[in-house]
file my_file-v6.cif (mmCIF, C-alpha atoms and all ligand atoms)
data_input
#
loop_
_atom_site.group_PDB
_atom_site.id
_atom_site.type_symbol
_atom_site.label_atom_id
_atom_site.label_comp_id
_atom_site.auth_asym_id
_atom_site.auth_seq_id
_atom_site.Cartn_x
_atom_site.Cartn_y
_atom_site.Cartn_z
ATOM 1 C CA MET A 118 169.691 121.431 116.965
ATOM 2 C CA SER A 119 171.921 121.205 113.936
ATOM 3 C CA THR A 120 175.197 123.129 113.760
ATOM 4 C CA PRO A 121 174.886 126.458 111.957
ATOM 5 C CA ALA A 122 176.970 126.793 108.818
ATOM 6 C CA THR A 123 179.792 129.296 109.300
ATOM 7 C CA VAL A 124 178.641 131.737 106.662
ATOM 8 C CA ASN A 125 179.019 135.453 107.264
ATOM 9 C CA LEU A 126 175.586 137.067 107.523
ATOM 10 C CA LYS A 127 175.116 140.814 107.213
ATOM 11 C CA SER A 128 174.347 142.607 110.464
ATOM 12 C CA PRO A 129 171.352 144.968 110.810
ATOM 13 C CA GLN A 130 173.754 147.921 110.533
ATOM 14 C CA GLU A 131 175.141 146.615 107.211
ATOM 15 C CA LEU A 132 171.595 145.988 105.956
ATOM 16 C CA TYR A 133 170.614 149.509 106.994
ATOM 17 C CA LEU A 134 173.552 150.924 104.996
ATOM 18 C CA ASP A 135 172.565 148.781 101.980
ATOM 19 C CA TRP A 136 169.068 150.265 102.211
ATOM 20 C CA GLU A 137 170.444 153.814 102.052
ATOM 21 C CA GLN A 138 171.961 152.940 98.659
ATOM 22 C CA ALA A 139 168.873 151.173 97.302
ATOM 23 C CA HIS A 140 166.121 153.766 97.101
ATOM 24 C CA TRP A 141 163.404 153.622 94.490
ATOM 25 C CA ALA A 142 159.949 155.163 94.295
ATOM 26 C CA ALA A 143 156.689 153.357 93.550
ATOM 27 C CA GLN A 144 155.479 156.463 91.680
ATOM 28 C CA ASP A 145 158.527 156.474 89.355
ATOM 29 C CA VAL A 146 157.879 153.053 87.803
ATOM 30 C CA ASP A 147 156.344 153.660 84.366
ATOM 31 C CA ILE A 148 153.036 151.735 84.163
ATOM 32 C CA SER A 149 151.881 153.079 80.811
ATOM 33 C CA ARG A 150 152.352 149.913 78.729
ATOM 34 C CA ASP A 151 150.762 147.267 80.918
ATOM 35 C CA SER A 152 147.085 148.230 80.417
ATOM 36 C CA ALA A 153 147.212 147.185 76.761
ATOM 37 C CA ASP A 154 148.964 143.939 77.731
ATOM 38 C CA TRP A 155 146.369 143.220 80.405
ATOM 39 C CA ALA A 156 143.500 143.673 77.923
ATOM 40 C CA SER A 157 145.107 141.316 75.418
ATOM 41 C CA LEU A 158 145.798 138.422 77.824
ATOM 42 C CA GLN A 159 144.017 135.123 77.198
ATOM 43 C CA ASP A 160 141.226 134.381 79.699
ATOM 44 C CA GLY A 161 143.110 131.636 81.568
ATOM 45 C CA GLU A 162 146.179 133.827 81.879
ATOM 46 C CA ARG A 163 144.210 136.843 83.070
ATOM 47 C CA ASP A 164 142.292 134.823 85.675
ATOM 48 C CA LEU A 165 145.466 133.355 87.095
ATOM 49 C CA LEU A 166 147.331 136.666 87.094
ATOM 50 C CA TYR A 167 144.333 138.400 88.678
ATOM 51 C CA TRP A 168 144.439 135.832 91.486
ATOM 52 C CA VAL A 169 148.196 136.226 91.957
ATOM 53 C CA LEU A 170 147.958 140.039 91.956
ATOM 54 C CA SER A 171 145.089 139.844 94.442
ATOM 55 C CA SER A 172 147.233 137.684 96.727
ATOM 56 C CA LEU A 173 150.078 140.198 96.477
ATOM 57 C CA MET A 174 147.784 143.170 97.198
ATOM 58 C CA VAL A 175 146.308 141.583 100.325
ATOM 59 C CA ALA A 176 149.588 140.060 101.533
ATOM 60 C CA GLU A 177 151.399 143.382 101.322
ATOM 61 C CA GLU A 178 148.606 145.201 103.189
ATOM 62 C CA ARG A 179 148.823 142.608 105.976
ATOM 63 C CA ILE A 180 152.609 142.715 105.995
ATOM 64 C CA SER A 181 152.696 146.537 106.234
ATOM 65 C CA THR A 182 150.133 146.808 109.004
ATOM 66 C CA GLN A 183 151.365 143.849 111.085
ATOM 67 C CA PHE A 184 154.985 144.934 111.563
ATOM 68 C CA CYS A 185 155.259 147.804 114.100
ATOM 69 C CA GLY A 186 155.536 145.312 116.979
ATOM 70 C CA LEU A 187 158.883 144.132 115.655
ATOM 71 C CA VAL A 188 160.208 147.700 115.480
ATOM 72 C CA LEU A 189 159.203 148.082 119.141
ATOM 73 C CA ALA A 190 160.995 144.820 119.972
ATOM 74 C CA GLN A 191 164.399 146.091 118.725
ATOM 75 C CA ASP A 192 167.403 145.156 120.873
ATOM 76 C CA ASP A 193 169.548 148.154 119.938
ATOM 77 C CA GLU A 194 169.624 151.249 117.758
ATOM 78 C CA GLU A 195 171.214 149.476 114.792
ATOM 79 C CA GLU A 196 168.494 146.830 114.696
ATOM 80 C CA GLY A 197 165.859 149.564 115.165
ATOM 81 C CA SER A 198 167.332 151.517 112.236
ATOM 82 C CA TYR A 199 167.190 148.478 109.973
ATOM 83 C CA LEU A 200 163.660 147.509 111.078
ATOM 84 C CA SER A 201 162.398 151.039 110.442
ATOM 85 C CA THR A 202 163.630 150.770 106.845
ATOM 86 C CA GLN A 203 161.776 147.496 106.411
ATOM 87 C CA LEU A 204 158.544 149.100 107.600
ATOM 88 C CA VAL A 205 159.020 151.808 104.943
ATOM 89 C CA ASP A 206 159.818 149.194 102.268
ATOM 90 C CA GLU A 207 156.632 147.233 102.981
ATOM 91 C CA ASN A 208 154.527 150.369 102.645
ATOM 92 C CA ARG A 209 156.246 151.197 99.352
ATOM 93 C CA HIS A 210 155.404 147.696 98.093
ATOM 94 C CA MET A 211 151.753 148.098 99.106
ATOM 95 C CA GLN A 212 151.679 151.479 97.334
ATOM 96 C CA PHE A 213 153.120 149.957 94.150
ATOM 97 C CA TYR A 214 150.533 147.138 94.064
ATOM 98 C CA ALA A 215 147.734 149.635 94.767
ATOM 99 C CA ARG A 216 148.979 151.863 91.946
ATOM 100 C CA PHE A 217 148.986 148.861 89.614
ATOM 101 C CA GLN A 218 145.374 148.135 90.632
ATOM 102 C CA ASP A 219 144.465 151.813 90.055
ATOM 103 C CA GLU A 220 146.014 152.041 86.610
ATOM 104 C CA VAL A 221 145.811 148.543 85.119
ATOM 105 C CA ILE A 222 143.408 146.182 86.901
ATOM 106 C CA ALA A 223 140.515 148.310 88.154
ATOM 107 C CA ASP A 224 139.222 151.854 88.563
ATOM 108 C CA PRO A 225 141.219 154.125 90.877
ATOM 109 C CA ALA A 226 140.170 153.590 94.494
ATOM 110 C CA ALA A 227 141.449 153.779 98.057
ATOM 111 C CA ILE A 228 143.868 151.033 99.054
ATOM 112 C CA GLY A 229 141.228 149.555 101.381
ATOM 113 C CA SER A 230 138.803 149.109 98.454
ATOM 114 C CA HIS A 231 141.404 147.297 96.365
ATOM 115 C CA VAL A 232 142.218 145.059 99.318
ATOM 116 C CA ALA A 233 138.536 144.280 99.947
ATOM 117 C CA ARG A 234 137.958 143.340 96.276
ATOM 118 C CA ALA A 235 141.152 141.295 96.144
ATOM 119 C CA ARG A 236 140.084 139.362 99.243
ATOM 120 C CA GLU A 237 137.027 138.010 97.403
ATOM 121 C CA VAL A 238 139.137 135.532 95.387
ATOM 122 C CA LEU A 239 141.387 134.287 98.200
ATOM 123 C CA GLY A 240 140.817 131.023 100.042
ATOM 124 C CA GLU A 241 140.884 129.828 103.652
ATOM 125 C CA PRO A 242 144.600 128.860 103.803
ATOM 126 C CA PHE A 243 145.526 132.428 102.876
ATOM 127 C CA LYS A 244 143.250 133.771 105.619
ATOM 128 C CA TYR A 245 144.693 131.417 108.218
ATOM 129 C CA ILE A 246 148.245 132.596 107.476
ATOM 130 C CA PHE A 247 147.632 136.335 107.175
ATOM 131 C CA ASP A 248 144.553 136.990 109.348
ATOM 132 C CA ASP A 249 145.082 134.443 112.086
ATOM 133 C CA ALA A 250 148.695 133.288 112.572
ATOM 134 C CA LEU A 251 150.390 136.560 111.583
ATOM 135 C CA VAL A 252 147.960 138.841 113.437
ATOM 136 C CA LYS A 253 148.054 136.796 116.664
ATOM 137 C CA ALA A 254 151.855 136.582 116.652
ATOM 138 C CA HIS A 255 152.089 140.322 116.009
ATOM 139 C CA ASP A 256 149.622 141.157 118.812
ATOM 140 C CA ARG A 257 151.592 138.976 121.215
ATOM 141 C CA LEU A 258 154.878 140.693 120.294
ATOM 142 C CA ARG A 259 153.305 144.149 120.450
ATOM 143 C CA LEU A 260 152.083 143.487 123.995
ATOM 144 C CA GLU A 261 155.329 141.836 125.142
ATOM 145 C CA PRO A 262 158.211 143.232 123.060
ATOM 146 C CA GLY A 263 160.759 141.813 125.550
ATOM 147 C CA ASP A 264 159.533 138.206 125.188
ATOM 148 C CA ARG A 265 162.226 136.332 123.200
ATOM 149 C CA ALA A 266 159.984 133.459 122.134
ATOM 150 C CA ALA A 267 157.368 135.940 120.869
ATOM 151 C CA LYS A 268 159.993 137.698 118.732
ATOM 152 C CA VAL A 269 161.414 134.419 117.400
ATOM 153 C CA ASP A 270 157.924 133.159 116.567
ATOM 154 C CA PHE A 271 157.024 136.385 114.754
ATOM 155 C CA VAL A 272 160.250 136.482 112.709
ATOM 156 C CA THR A 273 159.767 132.803 111.812
ATOM 157 C CA ILE A 274 156.301 133.527 110.418
ATOM 158 C CA TYR A 275 157.169 136.820 108.781
ATOM 159 C CA HIS A 276 160.718 136.442 107.460
ATOM 160 C CA MET A 277 161.047 132.692 107.039
ATOM 161 C CA VAL A 278 157.569 131.658 105.923
ATOM 162 C CA LEU A 279 155.948 134.722 104.347
ATOM 163 C CA GLU A 280 159.014 136.340 102.792
ATOM 164 C CA GLY A 281 161.530 133.480 102.592
ATOM 165 C CA THR A 282 159.124 130.823 101.306
ATOM 166 C CA LEU A 283 155.775 132.173 100.058
ATOM 167 C CA GLY A 284 157.096 135.485 98.671
ATOM 168 C CA LEU A 285 160.197 133.936 97.172
ATOM 169 C CA VAL A 286 158.215 131.225 95.367
ATOM 170 C CA SER A 287 155.772 133.803 93.965
ATOM 171 C CA SER A 288 158.448 136.164 92.697
ATOM 172 C CA HIS A 289 160.616 133.402 91.226
ATOM 173 C CA PHE A 290 157.875 131.744 89.165
ATOM 174 C CA LEU A 291 155.870 134.841 88.303
ATOM 175 C CA LEU A 292 158.860 136.890 87.134
ATOM 176 C CA GLU A 293 160.156 133.970 85.087
ATOM 177 C CA PHE A 294 156.781 133.475 83.415
ATOM 178 C CA LEU A 295 156.231 137.173 82.622
ATOM 179 C CA ARG A 296 159.794 137.717 81.396
ATOM 180 C CA GLU A 297 159.742 134.637 79.177
ATOM 181 C CA ARG A 298 156.551 135.800 77.471
ATOM 182 C CA GLY A 299 157.423 139.498 77.488
ATOM 183 C CA LEU A 300 154.206 140.289 79.402
ATOM 184 C CA LEU A 301 153.480 143.232 81.755
ATOM 185 C CA PRO A 302 157.007 144.672 81.544
ATOM 186 C CA ASN A 303 156.149 147.600 83.831
ATOM 187 C CA PHE A 304 154.882 145.278 86.535
ATOM 188 C CA VAL A 305 158.001 143.155 86.091
ATOM 189 C CA GLU A 306 160.164 146.215 86.738
ATOM 190 C CA GLY A 307 158.341 147.117 89.972
ATOM 191 C CA TYR A 308 158.087 143.526 91.164
ATOM 192 C CA GLY A 309 161.818 143.054 90.482
ATOM 193 C CA LEU A 310 162.595 146.076 92.687
ATOM 194 C CA ILE A 311 160.323 144.654 95.387
ATOM 195 C CA ALA A 312 162.065 141.265 95.164
ATOM 196 C CA ALA A 313 165.439 142.990 95.678
ATOM 197 C CA ASP A 314 164.100 144.678 98.854
ATOM 198 C CA GLU A 315 162.853 141.296 100.029
ATOM 199 C CA GLN A 316 166.351 139.819 99.829
ATOM 200 C CA ARG A 317 167.419 142.357 102.473
ATOM 201 C CA HIS A 318 164.419 141.492 104.650
ATOM 202 C CA ILE A 319 165.068 137.760 104.457
ATOM 203 C CA ALA A 320 168.744 138.386 105.282
ATOM 204 C CA TYR A 321 167.697 140.197 108.473
ATOM 205 C CA GLY A 322 165.390 137.321 109.512
ATOM 206 C CA THR A 323 168.154 134.784 108.928
ATOM 207 C CA TRP A 324 170.634 136.859 110.948
ATOM 208 C CA PHE A 325 168.201 137.377 113.831
ATOM 209 C CA LEU A 326 167.160 133.737 114.115
ATOM 210 C CA ARG A 327 170.753 132.524 113.992
ATOM 211 C CA GLU A 328 171.662 134.899 116.847
ATOM 212 C CA ALA A 329 168.570 133.931 118.857
ATOM 213 C CA VAL A 330 169.167 130.174 118.512
ATOM 214 C CA ALA A 331 172.880 130.549 119.314
ATOM 215 C CA GLU A 332 171.991 132.469 122.505
ATOM 216 C CA ASP A 333 169.277 130.040 123.563
ATOM 217 C CA PRO A 334 169.086 126.645 121.817
ATOM 218 C CA ALA A 335 165.507 126.213 123.083
ATOM 219 C CA MET A 336 164.498 128.825 120.483
ATOM 220 C CA ALA A 337 165.055 126.172 117.790
ATOM 221 C CA ASP A 338 161.887 124.464 119.086
ATOM 222 C CA VAL A 339 159.926 127.694 118.650
ATOM 223 C CA VAL A 340 161.101 127.991 115.029
ATOM 224 C CA ARG A 341 160.396 124.327 114.285
ATOM 225 C CA ALA A 342 156.920 124.313 115.876
ATOM 226 C CA ARG A 343 155.854 127.325 113.834
ATOM 227 C CA LEU A 344 157.208 125.895 110.572
ATOM 228 C CA ARG A 345 155.372 122.636 111.151
ATOM 229 C CA ASP A 346 152.170 124.547 111.803
ATOM 230 C CA LEU A 347 152.387 126.750 108.728
ATOM 231 C CA LEU A 348 154.180 124.843 105.964
ATOM 232 C CA PRO A 349 151.230 122.597 105.022
ATOM 233 C CA VAL A 350 148.982 125.662 104.864
ATOM 234 C CA VAL A 351 151.529 127.555 102.767
ATOM 235 C CA SER A 352 151.522 124.866 100.133
ATOM 236 C CA GLU A 353 147.690 125.019 100.002
ATOM 237 C CA SER A 354 147.743 128.808 99.799
ATOM 238 C CA ILE A 355 149.826 128.813 96.618
ATOM 239 C CA THR A 356 147.356 126.510 94.893
ATOM 240 C CA PRO A 357 145.007 128.585 92.718
ATOM 241 C CA PRO A 358 141.252 127.939 93.056
ATOM 242 C CA SER A 359 140.734 126.481 89.558
ATOM 243 C CA GLU A 360 142.210 123.071 88.819
ATOM 244 C CA GLY A 361 145.186 122.928 86.480
ATOM 245 C CA ALA A 362 145.688 126.688 86.758
ATOM 246 C CA TRP A 363 149.445 126.330 87.015
ATOM 247 C CA ASP A 364 149.464 124.693 83.583
ATOM 248 C CA VAL A 365 148.953 128.233 82.300
ATOM 249 C CA LEU A 366 152.324 129.140 83.781
ATOM 250 C CA GLY A 367 153.899 125.975 82.374
ATOM 251 C CA VAL A 368 154.882 124.915 85.899
ATOM 252 C CA GLU A 369 154.874 121.240 86.795
ATOM 253 C CA ASP A 370 152.968 119.924 89.823
ATOM 254 C CA GLY A 371 155.094 120.131 92.928
ATOM 255 C CA ALA A 372 157.704 122.466 91.415
ATOM 256 C CA LEU A 373 156.631 125.407 93.583
ATOM 257 C CA ALA A 374 156.678 123.433 96.818
ATOM 258 C CA GLU A 375 160.047 121.926 95.913
ATOM 259 C CA PHE A 376 161.581 125.324 95.171
ATOM 260 C CA GLY A 377 160.134 126.883 98.355
ATOM 261 C CA LEU A 378 161.214 124.034 100.601
ATOM 262 C CA GLY A 379 164.706 124.008 99.057
ATOM 263 C CA ALA A 380 165.182 127.733 99.754
ATOM 264 C CA LEU A 381 163.838 127.376 103.291
ATOM 265 C CA THR A 382 166.025 124.371 104.053
ATOM 266 C CA ARG A 383 169.185 126.198 102.979
ATOM 267 C CA ARG A 384 168.257 129.100 105.258
ATOM 268 C CA LEU A 385 167.503 126.811 108.186
ATOM 269 C CA GLN A 386 170.984 125.327 107.837
ATOM 270 C CA LEU A 387 172.437 128.813 108.237
ATOM 271 C CA ILE A 388 170.292 129.366 111.329
ATOM 272 C CA GLY A 389 171.126 125.980 112.813
ATOM 273 C CA VAL A 390 167.618 124.508 112.954
ATOM 274 C CA SER A 391 166.514 121.283 111.357
ATOM 275 C CA LEU A 392 162.871 120.593 110.537
ATOM 276 C CA GLU A 393 163.143 117.192 112.185
ATOM 277 C CA ALA A 394 162.950 117.204 115.983
ATOM 278 C CA ALA A 395 166.301 117.190 117.777
HETATM 279 FE FE FE A 401 157.085 143.456 100.865
HETATM 280 FE FE FE A 402 159.427 142.230 103.007
#

call {"tool": "encode", "arguments": {"input": "my_file-v6.cif", "output": "structure tokens", "more": "lines below"}}
Ligand SMILES: [Fe+2]
Ligand SMILES: [Fe+2]
result
Amino acid sequence: MSTPATVNLKSPQELYLDWEQAHWAAQDVDISRDSADWASLQDGERDLLYWVLSSLMVAEERISTQFCGLVLAQDDEEEGSYLSTQLVDENRHMQFYARFQDEVIADPAAIGSHVARAREVLGEPFKYIFDDALVKAHDRLRLEPGDRAAKVDFVTIYHMVLEGTLGLVSSHFLLEFLRERGLLPNFVEGYGLIAADEQRHIAYGTWFLREAVAEDPAMADVVRARLRDLLPVVSESITPPSEGAWDVLGVEDGALAEFGLGALTRRLQLIGVSLEAA
């Protein structure tokens, strides 16, 4: 175990209070301009953005539906209050992506139809992360909410890997690309609001894992084992199906993995876990 950095992390109660001040509504984001932008994209750009938006639609459906177990595993009322807000946030995100599908990408349909269509372009690594690892860890936690290792494993997958690595890489590069080119400004507004919510979620995960490892150093092994299992798959899952697709974004090979790993490593230092075995 490495020594955790002595940085003050917000408690669940502070994060809950932040949430009270940070409301926004998926239905209030104006999406009237993006349809024209979408129609005028070049083919390579549209294919890549369609794939990214499909990933976001499916990821957010998984993330909303595979979360209740953590609310049940709360240790006190303050943590339960915070976790309840995160459950609401994830549903708001799913609603925003579904609304974007309804109004810009496809014909209006139920969320399940958008998710099913979006799934058609996603590969095996994505399925392993969201349909296998996440679902199994959530089922385990749901059945045994008092099992510390189950909670640590779930938060490692959800907050460290999905939100703190995969989600952070997507929002960083996608927002930069769209802002630089002045594309899909309505989507950028909604996605920016989502990214701000995600900062609160990642802060909770960092706080929880630091507490858990400080209480029981053996929990560092649980975090490390899960990261070693998932990180190679994460880097595959952010590789689009067509070769050279990231050239469209003007992103160099390896830049995404480097950014994601850098962010994760800084967070692991706060938690007091190193990726190398102790
Ligand atoms: Fe989310
Ligand atoms: Fe989140």

call {"tool": "resolve_selection", "arguments": {"input": "my_file-v6.cif", "expression": "the PyMOL selection byres (((not hetatm)) within 8 of (chain A and resi 401))", "output": "list of chain:residue names"}}
result
A:Glu177, A:Ile180, A:Ser181, A:Asp206, A:Glu207, A:Asn208, A:Arg209, A:His210, A:Met211, A:Glu280, A:Ile311, A:Ala312, A:Asp314, A:Glu315

call {"tool": "residues_around", "arguments": {"input": "my_file-v6.cif", "residues": "A:Ala320", "least_positions_apart": "2", "cutoff": "10 Å", "atoms": "all atoms listed in the file", "output": "list in words"}}
result
Leu126, Lys127, Ser128, Pro129, Leu132, His276, Met277, Gly281, Glu315, Gln316, Arg317, His318, Gly322, Thr323, Trp324, Phe325 and Arg384 of chain A

call {"tool": "residues_around", "arguments": {"input": "my_file-v6.cif", "residues": "A:Leu373", "least_positions_apart": "3", "cutoff": "7 Å", "atoms": "only C-alpha atoms", "output": "short mmCIF file (atom, residue, chain, number, x, y, z; two decimals) with C-alpha atoms, in the frame of the given file"}}
result
data_model
loop_
_atom_site.label_atom_id
_atom_site.label_comp_id
_atom_site.auth_asym_id
_atom_site.auth_seq_id
_atom_site.Cartn_x
_atom_site.Cartn_y
_atom_site.Cartn_z
CA VAL A 286 158.22 131.22 95.37
CA PHE A 376 161.58 125.32 95.17
CA GLY A 377 160.13 126.88 98.36
#

call {"tool": "resolve_selection", "arguments": {"input": "my_file-v6.cif", "expression": "the PyMOL selection byres (((chain A and resi 138-153) around 12) and not hetatm)", "output": "ChimeraX atom specification"}}
result
/A:131-137,154-158,202,205-224,295,299-311,313-317

call {"tool": "residues_around", "arguments": {"input": "my_file-v6.cif", "residues": "A:Thr282", "least_positions_apart": "5", "cutoff": "10 Å", "atoms": "all atoms listed in the file", "output": "list of chain:residue names"}}
result
A:Ile274, A:Tyr275, A:His276, A:Met277, A:Ser287, A:Ile319, A:Leu348, A:Val351, A:Ser352, A:Leu373, A:Ala374, A:Phe376, A:Gly377, A:Leu378, A:Gly379, A:Ala380, A:Leu381, A:Thr382

call {"tool": "atom_distance", "arguments": {"input": "my_file-v6.cif", "atom1": "atom CA of A:Gln130", "atom2": "atom CA of A:Glu196"}}
result
6.8 Å

call {"tool": "resolve_selection", "arguments": {"input": "my_file-v6.cif", "expression": "the PyMOL selection byres (((chain A and resi 335-339) around 9) and not hetatm)", "output": "PyMOL selection string"}}
result
chain A and resi 118+265-267+269-270+273+326+329-334+340-344+388-391+394-395

call {"tool": "residues_near_point", "arguments": {"input": "my_file-v6.cif", "point": "(163.2, 145.9, 110.4)", "cutoff": "6 Å", "atoms": "only C-alpha atoms", "output": "list in words"}}
result
Tyr199, Leu200, Ser201 and Gln203 of chain A

call {"tool": "axis_aligned_box", "arguments": {"input": "my_file-v6.cif", "around": "stretch 179-187 of chain A", "padding_each_side": "3 Å", "output": "lines of an AutoDock Vina configuration file"}}
result
center_x = 153.9
center_y = 145.2
center_z = 111.5
size_x = 16.1
size_y = 11.2
size_z = 17.0

call {"tool": "atom_distance", "arguments": {"input": "my_file-v6.cif", "atom1": "atom CA of A:Lys244", "atom2": "atom CA of A:Glu353"}}
result
11.3 Å

call {"tool": "closest_residue", "arguments": {"input": "my_file-v6.cif", "among": "A:Phe290, A:Tyr245, A:Tyr321, A:Trp168", "to": "ligand FE 402 (chain A)", "atoms": "all atoms listed in the file"}}
result
A:Tyr321

call {"tool": "closest_residue", "arguments": {"input": "my_file-v6.cif", "among": "A:Leu189, A:Leu239, A:Leu251, A:Leu260", "to": "A:Leu170", "atoms": "all atoms listed in the file"}}
result
A:Leu239

call {"tool": "closest_residue", "arguments": {"input": "my_file-v6.cif", "among": "A:Pro357, A:Gly240, A:Pro262, A:Gly161", "to": "A:Gln191", "atoms": "only C-alpha atoms"}}
result
A:Pro262

call {"tool": "atom_distance", "arguments": {"input": "my_file-v6.cif", "atom1": "atom CA of A:Val175", "atom2": "atom CA of A:Leu347"}}
result
18.1 Å

call {"tool": "closest_residue", "arguments": {"input": "my_file-v6.cif", "among": "A:Thr182, A:Gly284, A:Glu241, A:Ala226", "to": "ligand FE 402 (chain A)", "atoms": "all atoms listed in the file"}}
result
A:Gly284

call {"tool": "closest_residue", "arguments": {"input": "my_file-v6.cif", "among": "A:Ala190, A:Ser354, A:Arg345, A:Val124", "to": "A:Ala176", "atoms": "all atoms listed in the file"}}
result
A:Ser354

call {"tool": "decode", "arguments": {"input": "my_file-v6.cif", "residues": "stretch 233-276 of chain A", "atoms": "C-alpha atoms", "output": "compact mmCIF listing (two decimals), in the first residue's frame"}}
result
# COMPACT_ATOMS: atom_id res chain seq x y z
CA ALA A 233 -31.12 -1.47 -28.49
CA ARG A 234 -30.17 0.41 -31.70
CA ALA A 235 -27.11 1.95 -30.06
CA ARG A 236 -25.93 -1.49 -28.94
CA GLU A 237 -25.63 -2.62 -32.57
CA VAL A 238 -22.41 -0.61 -33.09
CA LEU A 239 -20.67 -1.48 -29.82
CA GLY A 240 -17.98 -4.13 -29.53
CA GLU A 241 -17.12 -6.96 -27.13
CA PRO A 242 -14.90 -4.94 -24.73
CA PHE A 243 -17.81 -2.60 -24.07
CA LYS A 244 -20.09 -5.56 -23.36
CA TYR A 245 -17.58 -7.15 -21.00
CA ILE A 246 -17.35 -3.96 -18.92
CA PHE A 247 -21.02 -3.00 -18.81
CA ASP A 248 -22.90 -6.31 -19.18
CA ASP A 249 -20.55 -8.64 -17.37
CA ALA A 250 -18.22 -6.98 -14.83
CA LEU A 251 -20.58 -4.18 -13.76
CA VAL A 252 -23.72 -6.35 -13.60
CA LYS A 253 -22.03 -9.15 -11.63
CA ALA A 254 -20.47 -6.73 -9.14
CA HIS A 255 -23.81 -4.98 -8.70
CA ASP A 256 -25.69 -8.27 -8.18
CA ARG A 257 -23.14 -9.33 -5.57
CA LEU A 258 -23.49 -6.02 -3.69
CA ARG A 259 -27.28 -6.09 -3.95
CA LEU A 260 -27.37 -9.54 -2.35
CA GLU A 261 -24.76 -8.73 0.31
CA PRO A 262 -24.87 -4.98 1.02
CA GLY A 263 -22.83 -5.48 4.23
CA ASP A 264 -19.88 -7.14 2.43
CA ARG A 265 -17.02 -4.59 2.44
CA ALA A 266 -15.07 -6.20 -0.40
CA ALA A 267 -18.22 -6.26 -2.56
CA LYS A 268 -18.75 -2.53 -1.99
CA VAL A 269 -15.08 -1.69 -2.64
CA ASP A 270 -15.10 -3.78 -5.82
CA PHE A 271 -18.28 -2.11 -7.09
CA VAL A 272 -17.06 1.44 -6.38
CA THR A 273 -13.74 0.61 -8.07
CA ILE A 274 -15.55 -0.46 -11.24
CA TYR A 275 -18.18 2.26 -11.18
CA HIS A 276 -16.45 5.37 -9.83
